[in-house]
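Student: Structure file model_15.csv (CSV, C-alpha atoms) right here:
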chain,number,residue,atom,x,y,z
A,176,MET,CA,121.1,-39.9,82.4
A,177,THR,CA,121.6,-41.1,86.0
A,178,VAL,CA,118.8,-42.5,88.1
A,179,ASP,CA,118.7,-39.4,90.3
A,180,ALA,CA,118.5,-37.1,87.2
A,181,ALA,CA,115.7,-39.2,85.7
A,182,SER,CA,113.8,-39.1,89.1
A,183,ARG,CA,114.2,-35.4,89.2
A,184,ARG,CA,112.9,-35.0,85.7
A,185,PHE,CA,110.1,-37.5,85.4
A,186,GLY,CA,109.4,-38.8,88.9
A,187,LEU,CA,108.8,-37.9,92.5
A,188,ALA,CA,111.3,-36.0,94.5
A,189,ARG,CA,111.1,-34.5,98.0
A,190,VAL,CA,111.3,-30.7,97.8
A,191,ILE,CA,110.4,-29.4,101.2
A,192,PRO,CA,109.2,-31.2,104.4
A,193,GLY,CA,105.6,-32.3,104.0
A,194,ARG,CA,105.6,-31.8,100.3
A,195,THR,CA,106.6,-33.8,97.2
A,196,GLY,CA,107.5,-32.5,93.8
A,197,LEU,CA,106.1,-34.2,90.8
A,198,HIS,CA,108.1,-33.5,87.7
A,199,LEU,CA,106.9,-34.2,84.1
A,200,GLY,CA,109.5,-32.8,81.8
A,201,PRO,CA,109.3,-29.0,82.1
A,202,VAL,CA,106.2,-29.1,84.3
A,203,SER,CA,106.7,-29.3,88.1
A,204,VAL,CA,103.9,-29.5,90.7
A,205,LEU,CA,104.2,-29.4,94.5
A,206,ILE,CA,101.9,-31.9,96.2
A,207,ARG,CA,101.2,-32.0,99.9
A,208,ARG,CA,101.4,-35.6,101.2
A,209,ARG,CA,98.5,-34.9,103.6
A,210,TYR,CA,96.4,-33.7,100.7
A,211,LEU,CA,97.4,-36.7,98.6
A,212,LEU,CA,96.6,-39.2,101.4
A,213,ALA,CA,93.2,-37.5,102.0
A,214,LEU,CA,92.5,-37.6,98.2
A,215,VAL,CA,93.2,-41.4,98.0
A,216,LEU,CA,91.0,-42.1,101.1
A,217,THR,CA,88.2,-40.0,99.7
A,218,VAL,CA,88.3,-41.8,96.3
A,219,LEU,CA,88.4,-45.2,98.0
A,220,SER,CA,85.4,-44.2,100.2
A,221,LEU,CA,83.6,-43.2,97.0
A,222,ALA,CA,84.4,-46.5,95.4
A,223,LEU,CA,83.2,-48.4,98.5
A,224,VAL,CA,79.9,-46.5,98.6
A,225,ALA,CA,79.5,-47.1,94.8
A,226,GLY,CA,80.1,-50.8,95.2
A,227,VAL,CA,77.5,-51.1,98.0
A,228,ALA,CA,75.0,-49.0,96.0
A,229,LEU,CA,75.3,-51.3,93.0
A,230,THR,CA,75.1,-54.6,94.9
A,231,ALA,CA,72.9,-54.0,97.9
A,232,GLY,CA,69.2,-53.3,98.0
A,233,THR,CA,65.8,-55.1,98.1
A,234,ILE,CA,67.4,-57.6,95.7
A,235,THR,CA,71.1,-58.3,96.3
A,236,VAL,CA,73.2,-58.7,93.1
A,237,ALA,CA,76.6,-60.4,93.4
A,238,PRO,CA,79.6,-58.2,92.5
A,239,ASP,CA,80.6,-60.4,89.5
A,240,ARG,CA,77.0,-60.2,88.2
A,241,VAL,CA,77.1,-56.4,88.6
A,242,VAL,CA,80.2,-56.3,86.4
A,243,ALA,CA,78.6,-58.6,83.9
A,244,ALA,CA,75.4,-56.5,83.8
A,245,LEU,CA,77.4,-53.3,83.4
A,246,PHE,CA,79.2,-54.8,80.4
A,247,GLY,CA,76.0,-56.1,78.9
A,248,PHE,CA,76.4,-59.8,79.8
A,249,GLY,CA,73.8,-60.0,82.6
A,250,ASP,CA,70.3,-61.4,82.3
A,251,LYS,CA,67.3,-59.1,81.9
A,252,VAL,CA,66.6,-58.8,85.7
A,253,GLU,CA,70.2,-58.1,86.6
A,254,THR,CA,70.5,-55.6,83.7
A,255,LEU,CA,67.3,-53.8,84.8
A,256,ILE,CA,68.3,-53.6,88.5
A,257,VAL,CA,71.9,-52.7,88.0
A,258,GLY,CA,71.1,-50.2,85.3
A,259,ARG,CA,68.6,-48.4,87.6
A,260,ARG,CA,71.1,-48.3,90.5
A,261,ALA,CA,73.8,-47.1,88.2
A,262,VAL,CA,71.9,-44.2,86.9
A,263,ARG,CA,70.9,-43.1,90.4
A,264,LEU,CA,74.5,-43.5,91.6
A,265,CYS,CA,75.9,-41.5,88.7
A,266,ALA,CA,73.4,-38.7,89.2
A,267,GLY,CA,74.2,-38.7,92.9
A,268,LEU,CA,77.9,-38.4,92.3
A,269,LEU,CA,77.5,-35.5,89.8
A,270,VAL,CA,74.9,-33.6,91.9
A,271,GLY,CA,77.1,-34.0,95.0
A,272,PHE,CA,80.2,-32.9,93.2
A,273,ALA,CA,78.5,-29.8,91.8
A,274,LEU,CA,77.0,-28.8,95.1
A,275,GLY,CA,80.2,-29.4,97.1
A,276,ALA,CA,82.4,-27.5,94.6
A,277,SER,CA,79.9,-24.6,94.4
A,278,GLY,CA,80.0,-24.3,98.2
A,279,GLY,CA,83.8,-24.5,98.3
A,280,LEU,CA,83.9,-21.6,95.7
A,281,THR,CA,81.5,-19.3,97.5
A,282,GLN,CA,82.9,-20.0,101.0
A,283,SER,CA,86.4,-19.3,99.8
A,284,LEU,CA,85.4,-16.2,97.8
A,285,THR,CA,83.6,-14.7,100.8
A,286,ARG,CA,85.9,-16.1,103.5
A,287,ASN,CA,82.8,-17.0,105.4
A,288,PRO,CA,81.8,-20.6,106.3
A,289,LEU,CA,78.2,-19.5,106.3
A,290,ALA,CA,78.2,-18.3,102.7
A,291,SER,CA,77.1,-21.3,100.8
A,292,PRO,CA,74.6,-21.2,97.9
A,293,ASP,CA,71.9,-22.3,100.3
A,294,ILE,CA,72.4,-19.4,102.6
A,295,LEU,CA,73.0,-16.9,99.8
A,296,GLY,CA,69.6,-17.6,98.3
A,297,ILE,CA,71.0,-19.0,95.0
A,298,THR,CA,69.5,-22.5,95.4
A,299,THR,CA,66.1,-21.0,96.5
A,300,GLY,CA,66.2,-18.6,93.6
A,301,ALA,CA,66.8,-21.4,91.1
A,302,GLY,CA,64.0,-23.3,92.8
A,303,VAL,CA,61.5,-20.5,92.3
A,304,PHE,CA,61.9,-20.5,88.5
A,305,ALA,CA,62.0,-24.3,88.4
A,306,VAL,CA,58.8,-24.5,90.3
A,307,LEU,CA,57.3,-21.8,88.0
A,308,ALA,CA,58.3,-24.0,85.0
A,309,ILE,CA,56.7,-27.1,86.6
A,310,VAL,CA,53.4,-25.5,87.6
A,311,THR,CA,52.9,-23.5,84.4
A,312,PRO,CA,53.9,-26.0,81.6
A,313,VAL,CA,54.0,-24.4,78.2
A,314,ALA,CA,52.1,-26.1,75.4
A,315,GLY,CA,54.5,-28.2,73.3
A,316,PHE,CA,57.3,-28.2,75.9
A,317,ALA,CA,57.6,-30.8,78.7
A,318,ALA,CA,58.3,-29.4,82.2
A,319,ALA,CA,61.4,-31.6,82.4
A,320,ALA,CA,62.9,-29.8,79.4
A,321,LEU,CA,62.2,-26.4,80.8
A,322,VAL,CA,63.3,-27.0,84.4
A,323,PRO,CA,67.1,-26.9,83.7
A,324,VAL,CA,66.8,-23.6,81.8
A,325,ALA,CA,64.5,-22.1,84.4
A,326,ALA,CA,66.8,-23.2,87.3
A,327,LEU,CA,69.9,-21.8,85.6
A,328,PHE,CA,68.1,-18.5,84.8
A,329,GLY,CA,66.8,-18.3,88.4
A,330,GLY,CA,70.2,-19.0,89.9
A,331,LEU,CA,71.9,-16.4,87.8
A,332,ALA,CA,69.2,-13.8,88.3
A,333,THR,CA,69.3,-14.3,92.1
A,334,ALA,CA,73.1,-14.1,92.1
A,335,ALA,CA,72.9,-10.9,90.1
A,336,VAL,CA,70.5,-9.3,92.7
A,337,VAL,CA,72.6,-10.5,95.6
A,338,VAL,CA,75.8,-9.1,94.1
A,339,GLY,CA,74.1,-5.9,93.0
A,340,LEU,CA,72.8,-5.3,96.6
A,341,ALA,CA,76.0,-6.4,98.3
A,342,TRP,CA,78.6,-4.8,96.0
A,343,ARG,CA,80.7,-2.0,97.5
A,344,SER,CA,83.8,-1.7,95.4
A,345,GLY,CA,84.0,-5.5,95.8
A,346,LEU,CA,82.1,-8.3,97.5
A,347,GLU,CA,81.8,-7.6,101.3
A,348,PRO,CA,81.3,-11.0,103.0
A,349,LEU,CA,79.0,-10.0,105.8
A,350,ARG,CA,76.8,-7.8,103.5
A,351,LEU,CA,76.6,-10.7,101.0
A,352,VAL,CA,75.4,-13.1,103.6
A,353,LEU,CA,72.8,-10.7,105.0
A,354,VAL,CA,71.4,-9.9,101.6
A,355,GLY,CA,71.4,-13.7,100.8
A,356,VAL,CA,69.4,-14.5,103.9
A,357,GLY,CA,66.8,-11.9,103.0
A,358,LEU,CA,66.5,-13.1,99.5
A,359,THR,CA,66.2,-16.7,100.6
A,360,ALA,CA,63.2,-15.8,102.7
A,361,ILE,CA,61.6,-13.8,99.8
A,362,CYS,CA,62.2,-16.7,97.3
A,363,GLY,CA,60.8,-19.2,99.8
A,364,ALA,CA,57.6,-17.1,100.1
A,365,ILE,CA,57.3,-16.8,96.4
A,366,THR,CA,57.6,-20.6,96.0
A,367,GLN,CA,54.8,-21.2,98.5
A,368,TRP,CA,52.6,-18.6,96.8
A,369,LEU,CA,53.2,-20.4,93.4
A,370,LEU,CA,52.3,-23.8,95.0
A,371,MET,CA,49.1,-22.4,96.5
A,372,ARG,CA,47.9,-20.9,93.2
A,373,SER,CA,48.7,-23.8,91.0
A,374,ASP,CA,46.7,-26.9,90.0
A,375,VAL,CA,46.8,-29.6,92.7
A,376,GLU,CA,48.4,-32.1,90.4
A,377,TRP,CA,51.2,-29.8,89.3
A,378,ALA,CA,51.6,-28.6,92.9
A,379,ALA,CA,52.2,-32.2,94.0
A,380,VAL,CA,54.8,-32.7,91.4
A,381,ALA,CA,56.6,-29.4,92.4
A,382,THR,CA,56.4,-30.3,96.1
A,383,ARG,CA,58.1,-33.7,95.4
A,384,TRP,CA,60.8,-31.9,93.4
A,385,LEU,CA,61.4,-29.4,96.1
A,386,ALA,CA,62.2,-32.2,98.6
A,387,GLY,CA,65.3,-33.1,96.6
A,388,SER,CA,65.4,-36.6,95.3
A,389,LEU,CA,67.4,-38.9,93.1
A,390,ALA,CA,64.7,-41.5,92.8
A,391,SER,CA,63.5,-40.4,89.4
A,392,SER,CA,66.9,-39.6,87.9
A,393,SER,CA,67.5,-40.7,84.3
A,394,TRP,CA,70.5,-41.0,81.9
A,395,SER,CA,69.4,-37.7,80.3
A,396,ASP,CA,70.0,-36.0,83.7
A,397,VAL,CA,73.5,-37.6,83.8
A,398,ARG,CA,74.2,-36.4,80.3
A,399,LEU,CA,73.0,-32.9,81.2
A,400,LEU,CA,75.2,-32.6,84.3
A,401,LEU,CA,78.3,-34.5,83.3
A,402,PRO,CA,79.7,-31.8,80.9
A,403,VAL,CA,78.9,-29.2,83.5
A,404,CYS,CA,80.9,-31.0,86.2
A,405,VAL,CA,83.8,-31.7,83.8
A,406,LEU,CA,84.0,-28.1,82.6
A,407,GLY,CA,83.5,-27.0,86.2
A,408,ALA,CA,86.5,-29.1,87.4
A,409,VAL,CA,88.7,-27.6,84.6
A,410,ALA,CA,87.6,-24.1,85.6
A,411,ILE,CA,88.3,-24.8,89.3
A,412,ALA,CA,91.8,-25.8,88.4
A,413,ALA,CA,92.2,-22.6,86.3
A,414,VAL,CA,91.0,-20.3,89.1
A,415,ALA,CA,92.8,-22.1,91.9
A,416,ARG,CA,95.6,-19.5,92.2
A,417,PRO,CA,93.4,-16.4,92.2
A,418,LEU,CA,91.0,-18.1,94.5
A,419,GLY,CA,93.8,-18.8,96.9
A,420,ALA,CA,94.9,-15.2,96.8
A,421,LEU,CA,91.3,-14.0,97.5
A,422,ARG,CA,91.1,-16.2,100.6
A,423,LEU,CA,93.7,-13.8,102.0
A,424,GLY,CA,91.5,-10.8,101.6
A,425,SER,CA,90.9,-8.3,98.7
A,426,ASP,CA,93.7,-5.9,99.6
A,427,LEU,CA,96.3,-8.6,99.9
A,428,ALA,CA,95.0,-10.3,96.7
A,429,ARG,CA,95.4,-7.0,94.8
A,430,SER,CA,98.9,-6.6,96.2
A,431,LEU,CA,99.7,-10.1,94.8
A,432,GLY,CA,98.5,-9.1,91.4
A,433,THR,CA,95.0,-10.7,91.5
A,434,GLY,CA,92.3,-8.5,90.1
A,435,THR,CA,89.4,-8.7,92.6
A,436,GLY,CA,86.2,-7.5,90.8
A,437,PRO,CA,86.2,-9.5,87.6
A,438,THR,CA,87.8,-12.5,89.2
A,439,GLN,CA,85.2,-12.5,92.0
A,440,LEU,CA,82.4,-12.3,89.5
A,441,GLY,CA,83.8,-15.0,87.3
A,442,ILE,CA,84.2,-17.4,90.3
A,443,LEU,CA,80.7,-16.5,91.5
A,444,VAL,CA,79.2,-17.3,88.1
A,445,LEU,CA,81.0,-20.6,88.0
A,446,ALA,CA,79.5,-21.5,91.5
A,447,VAL,CA,76.0,-20.4,90.4
A,448,VAL,CA,76.1,-22.5,87.2
A,449,LEU,CA,77.2,-25.6,89.2
A,450,VAL,CA,74.5,-25.3,91.9
A,451,SER,CA,71.7,-24.3,89.5
A,452,MET,CA,72.3,-27.3,87.2
A,453,SER,CA,72.5,-29.7,90.1
A,454,THR,CA,69.2,-28.2,91.4
A,455,ALA,CA,67.6,-28.7,88.1
A,456,VAL,CA,68.5,-32.4,88.1
A,457,ALA,CA,67.7,-33.4,91.7
A,458,GLY,CA,65.8,-30.4,93.2
A,459,PRO,CA,67.2,-28.5,96.1
A,460,VAL,CA,69.4,-31.0,98.1
A,461,GLY,CA,69.9,-28.9,101.2
A,462,PHE,CA,73.1,-28.3,103.1
A,463,VAL,CA,75.5,-30.3,101.0
A,464,ALA,CA,77.0,-27.2,99.5
A,465,PHE,CA,77.3,-25.9,103.1
A,466,VAL,CA,78.7,-28.9,104.9
A,467,ALA,CA,81.0,-30.5,102.3
A,468,PRO,CA,83.5,-27.6,102.1
A,469,GLN,CA,83.9,-27.6,105.9
A,470,ILE,CA,84.5,-31.4,105.9
A,471,ALA,CA,87.0,-31.0,103.0
A,472,MET,CA,88.9,-28.2,104.7
A,473,ARG,CA,89.4,-30.4,107.8
A,474,VAL,CA,90.1,-33.7,106.1
A,475,PHE,CA,92.5,-32.2,103.5
A,476,HIS,CA,93.9,-29.8,106.1
A,477,THR,CA,93.9,-26.7,103.9
A,478,ALA,CA,93.7,-23.0,104.9
A,479,GLY,CA,90.3,-22.6,103.2
A,480,PRO,CA,87.6,-24.8,101.7
A,481,PRO,CA,89.3,-26.5,98.6
A,482,ALA,CA,86.8,-26.4,95.8
A,483,PHE,CA,87.7,-29.6,94.0
A,484,ALA,CA,88.0,-31.6,97.2
A,485,SER,CA,84.7,-30.1,98.4
A,486,GLY,CA,83.2,-31.5,95.3
A,487,LEU,CA,84.5,-35.0,96.1
A,488,CYS,CA,83.2,-34.7,99.7
A,489,GLY,CA,79.9,-33.5,98.3
A,490,ALA,CA,79.7,-36.5,96.0
A,491,LEU,CA,80.5,-38.8,98.9
A,492,LEU,CA,77.8,-37.1,101.1
A,493,VAL,CA,75.0,-37.3,98.6
A,494,THR,CA,75.7,-40.9,97.5
A,495,ALA,CA,76.0,-42.1,101.1
A,496,ALA,CA,72.9,-40.2,102.1
A,497,ASP,CA,70.9,-41.6,99.1
A,498,LEU,CA,72.1,-45.1,100.0
A,499,THR,CA,71.0,-44.6,103.6
A,500,THR,CA,67.5,-43.5,102.5
A,501,ARG,CA,67.1,-46.7,100.5
A,502,TRP,CA,67.7,-48.8,103.7
A,503,LEU,CA,65.1,-46.9,105.8
A,504,PRO,CA,61.7,-48.5,106.5
A,505,VAL,CA,60.2,-45.7,104.4
A,506,GLU,CA,62.4,-44.3,101.7
A,507,LEU,CA,62.9,-40.6,102.0
A,508,PRO,CA,64.1,-38.0,99.5
A,509,VAL,CA,67.8,-37.5,99.9
A,510,GLY,CA,67.3,-33.8,100.5
A,511,ILE,CA,65.4,-34.5,103.7
A,512,LEU,CA,68.2,-36.6,105.1
A,513,THR,CA,70.9,-34.1,104.2
A,514,SER,CA,68.9,-31.3,105.8
A,515,LEU,CA,68.5,-33.3,109.0
A,516,VAL,CA,72.3,-33.7,109.2
A,517,GLY,CA,73.2,-30.2,107.9
A,518,GLY,CA,70.9,-28.3,110.3
A,519,PRO,CA,72.8,-29.1,113.5
A,520,VAL,CA,76.1,-28.4,111.6
A,521,LEU,CA,74.8,-25.0,110.7
A,522,LEU,CA,74.0,-24.2,114.3
A,523,VAL,CA,77.4,-25.3,115.5
A,524,LEU,CA,79.2,-23.2,112.8
A,525,LEU,CA,76.9,-20.2,113.5
A,526,PHE,CA,77.7,-20.3,117.3
A,527,ARG,CA,81.4,-20.6,116.6
A,528,TYR,CA,81.3,-17.7,114.0
A,529,VAL,CA,79.4,-15.4,116.4
A,530,ARG,CA,81.8,-16.3,119.2
A,531,ARG,CA,84.9,-15.6,117.1
A,532,THR,CA,83.6,-12.3,115.6
A,533,SER,CA,82.4,-11.0,119.0
A,534,SER,CA,85.6,-11.8,120.9
Translate the structure of the given file into structure tokens.
Tutor:
Amino acid sequence: MTVDAASRRFGLARVIPGRTGLHLGPVSVLIRRRYLLALVLTVLSLALVAGVALTAGTITVAPDRVVAALFGFGDKVETLIVGRRAVRLCAGLLVGFALGASGGLTQSLTRNPLASPDILGITTGAGVFAVLAIVTPVAGFAAAALVPVAALFGGLATAAVVVGLAWRSGLEPLRLVLVGVGLTAICGAITQWLLMRSDVEWAAVATRWLAGSLASSSWSDVRLLLPVCVLGAVAIAAVARPLGALRLGSDLARSLGTGTGPTQLGILVLAVVLVSMSTAVAGPVGFVAFVAPQIAMRVFHTAGPPAFASGLCGALLVTAADLTTRWLPVELPVGILTSLVGGPVLLVLLFRYVRRTSS
């Protein structure tokens, strides 16, 4: 076999300008060089934030001692500090990935930059049932054990109501957003009513949870969310092609052989599971699912919000925001900082969307 033949079969070969073909035996994949460069830069940024998160803080731990503590060779203080920072970092990465990927899926599905789980009411719906589980603990069951189940049920129930009200032989983007905004307001009112009627102690616990924080994360949270994110990433790869077709519109997607109804529902369920489980772990961390897909679309230079890249950008946003809150004079929940950043972005996108649709 010649060098050129081996390169074509097992290596990299230029196929069309701007794209590179990766050949592994019978499998060939086209990779955009801009996408690959953005992917490398995003991963390097994540590694940089992770390194700072593990070493810096009230007590600085040298990088070599961080490595020693991670592999069980540090002293008790190093092991305690690095272990606490590691669990918070892992939880932030997983929560951010789930939120970003969920936002990328819903924005691509609806072809609307405003249609994130926050705006569609899914996050708020998951929060209502999670708050209900916190303020009305069942005898024999800890609230922490009930919150994930309640959040998942609440997210799925809210999504079912949104889809049921917005469905007209398929998901209509504008109707979906309007129904979601209305349900968000209703769910917010129910949450406030639950807090007012509950015991003061449980109301305080629920209020702290609603702020969205990684401060009390544990390895059990990481073990809960890790398989969800791994399976979610696999599912995102599986639906990449029909999702790309749906970005072109329902009619064109059907002409390309993509079934719209069941495919749309399957993608929506995937997005709901991701955002509900992340909400169960950290509370409602606002605007990450909304902002991360828009950042990913511009950084990776894609036609629509790429779901997997949105997850990576979401992980970077949450971990960087959580690291920033640790350096403030008074440590804030990460959800407050992301909302402060995401609010202006929402206004900018809203003005641009209104200007584009009215012209």
Student: State, in Å with one decimal place, the distance from CA of Phe462 in chain A to CA of Pro481 in chain A.
Tutor: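 Result for CA of Phe462 in chain A versus CA of Pro481 in chain A: 16.9 Å, one decimal.
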Student: Rounded to one decimal in Å, what is the spacing between CA of Gly518 in chain A and CA of Ile365 in chain A?
Tutor: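 Taking CA of Gly518 in chain A as the start and CA of Ile365 in chain A as the end point, the length is 22.6 Å.
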Student: Nearest residue to Ala464 in chain A out of A:Ala415, A:Met371, A:Leu264, A:Leu289, using only C-alpha atoms?
Tutor: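 Residue with the minimum atom-to-atom distance to Ala464 in chain A: A:Leu289.
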Student: Could you tell me which of A:Leu418, A:Val403, A:Val466, A:Ala360 comes closest to Leu443 in chain A if we count all atoms listed in the file?
Tutor: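 Of A:Leu418, A:Val403, A:Val466, A:Ala360, the one nearest Leu443 in chain A is A:Leu418, counting all atoms listed in the file.
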Student: Out of A:Pro468, A:Gly247, A:Gly267, A:Gly419, which residue has the shortest atom-to-atom distance to Leu498 in chain A when counting all atoms listed in the file?
Tutor: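 Closest to Leu498 in chain A, using all atoms listed in the file: A:Gly267.
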Student: Kindly give the distance, in Å, that separates CA of Ile361 in chain A and CA of Asp293 in chain A, rounded to a single decimal.
Tutor: 13.4 Å
Student: Excluding same-chain residues fewer than 6 positions from Ala413 in chain A, what lies within 12 Å of it counting all atoms listed in the file, as an NGL selection string?
Tutor: :A and (406-407 or 419 or 438 or 441-442 or 445 or 482-483)
Student: Considering only C-alpha atoms, state which residue in the set A:Asp497, A:Gly258, A:Thr285, A:Thr235 is at the smallest distance from Gly424 in chain A.
Tutor: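 Closest residue, counting only C-alpha atoms: A:Thr285.
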Student: Once you count all atoms listed in the file, which residues end up no further than 8 Å from (70.3, -41.7, 92.6) in the file's frame, shown as number ranges by chain?
Tutor: A: 260-267, 388-392, 494, 497
